[in-house]
Amino acid sequence: MNQKRATSNPSLFEADPATTCNASSTAIPPGQSRRAPSKQYIPVYRVELVRERTIKVAERRSVHNSDHVVAILKDELLKADQERLICMLLNTKDPIIGMDVVSVGTLNQSCAHPRELFKAAILANAASIILVHNHPSGDPAPSQDDVQMTDRMRKAGEILGIKLLDHVIIGELGNYSFANAGRLP
């Protein structure tokens, strides 16, 4: 993080002199602080969700089953030579409000921690998520790591109030849905 940018923000608890009624002629320019950065001050951060790009999809706005998920992401994931884990963000009526590429892994593994996976979902005010990842080997059968990650994310989602609706694995030889297999309550 750029230390200058992080520490040059005005205090959270002080009024901006440029916007107060009694601003004097010695007003501090925007982006400047009253004090020089030191070990006595804590940087104040702001987090924002940024749209990176879009993918063209058919008129389907809601996701009701794994076939809809596969139709949206199959082309995107089958051309990848590494595992990619994507989190689809949905609102309360299940239309997709966004997607986040959570991780790009190796040839046969993609690592994810709940804090990274749910970050975009929290920022986008998602009510639920669907995890999607590819198996470059072509075989969509879930590995033991896939099963453990799904269970971990389901539990984290319960705590956060963001339901994990499904985890879909896409491969050349077919697709696997944890929800269709009865592995998600």
# chains A, B, ... in the order shown; residues from 1 in each chain; ligands from 1

call {"tool": "residues_around", "arguments": {"residues": "stretch 150-167 of chain A", "least_positions_apart": "3", "cutoff": "6 Å", "atoms": "only C-alpha atoms", "output": "JSON, numbers by chain"}}
result
{"A": [127, 128, 129, 130, 131, 132, 147, 177, 178, 179]}

call {"tool": "write_last_selection", "arguments": {"atoms": "C-alpha atoms", "output": "mmCIF file, in the first residue's frame"}}
result
data_model
loop_
_atom_site.group_PDB
_atom_site.id
_atom_site.type_symbol
_atom_site.label_atom_id
_atom_site.label_comp_id
_atom_site.auth_asym_id
_atom_site.auth_seq_id
_atom_site.Cartn_x
_atom_site.Cartn_y
_atom_site.Cartn_z
ATOM 1 C CA ALA A 127 -27.613 -12.568 -0.495
ATOM 2 C CA SER A 128 -26.118 -15.785 -1.828
ATOM 3 C CA ILE A 129 -23.218 -17.121 -3.887
ATOM 4 C CA ILE A 130 -22.438 -19.947 -6.263
ATOM 5 C CA LEU A 131 -18.879 -21.222 -6.516
ATOM 6 C CA VAL A 132 -17.656 -22.359 -9.902
ATOM 7 C CA VAL A 147 -15.306 -31.295 -0.807
ATOM 8 C CA SER A 177 -22.916 -29.868 -9.016
ATOM 9 C CA PHE A 178 -22.715 -30.287 -5.246
ATOM 10 C CA ALA A 179 -26.362 -29.189 -4.930
#

call {"tool": "residues_around", "arguments": {"residues": "stretch 82-99 of chain A", "least_positions_apart": "6", "cutoff": "9 Å", "atoms": "only C-alpha atoms", "output": "VMD selection string"}}
result
chain A and resid 51 60 to 64 69 105 to 112 117 to 118 120 to 121 124 to 136

call {"tool": "atom_distance", "arguments": {"atom1": "atom CA of A:Ile170", "atom2": "atom CA of A:Asn65"}}
result
13.9 Å

call {"tool": "residues_around", "arguments": {"residues": "A:Glu116", "least_positions_apart": "5", "cutoff": "10 Å", "atoms": "only C-alpha atoms", "output": "PyMOL selection string"}}
result
chain A and resi 100-103+121

call {"tool": "write_last_selection", "arguments": {"atoms": "N, CA and C atoms", "output": "short mmCIF file (atom, residue, chain, number, x, y, z; two decimals), in the first residue's frame"}}
result
data_model
loop_
_atom_site.label_atom_id
_atom_site.label_comp_id
_atom_site.auth_asym_id
_atom_site.auth_seq_id
_atom_site.Cartn_x
_atom_site.Cartn_y
_atom_site.Cartn_z
N ASP A 100 -16.71 -12.71 -9.27
CA ASP A 100 -15.38 -12.40 -8.79
C ASP A 100 -14.48 -13.60 -9.03
N VAL A 101 -13.34 -13.38 -9.70
CA VAL A 101 -12.34 -14.43 -9.84
C VAL A 101 -11.57 -14.44 -8.53
N VAL A 102 -11.85 -15.42 -7.71
CA VAL A 102 -11.28 -15.49 -6.37
C VAL A 102 -9.83 -15.94 -6.40
N SER A 103 -9.55 -16.94 -7.22
CA SER A 103 -8.17 -17.40 -7.31
C SER A 103 -7.90 -18.07 -8.63
N ALA A 121 -18.59 -10.56 -2.17
CA ALA A 121 -20.01 -10.80 -1.84
C ALA A 121 -20.49 -9.81 -0.80
#
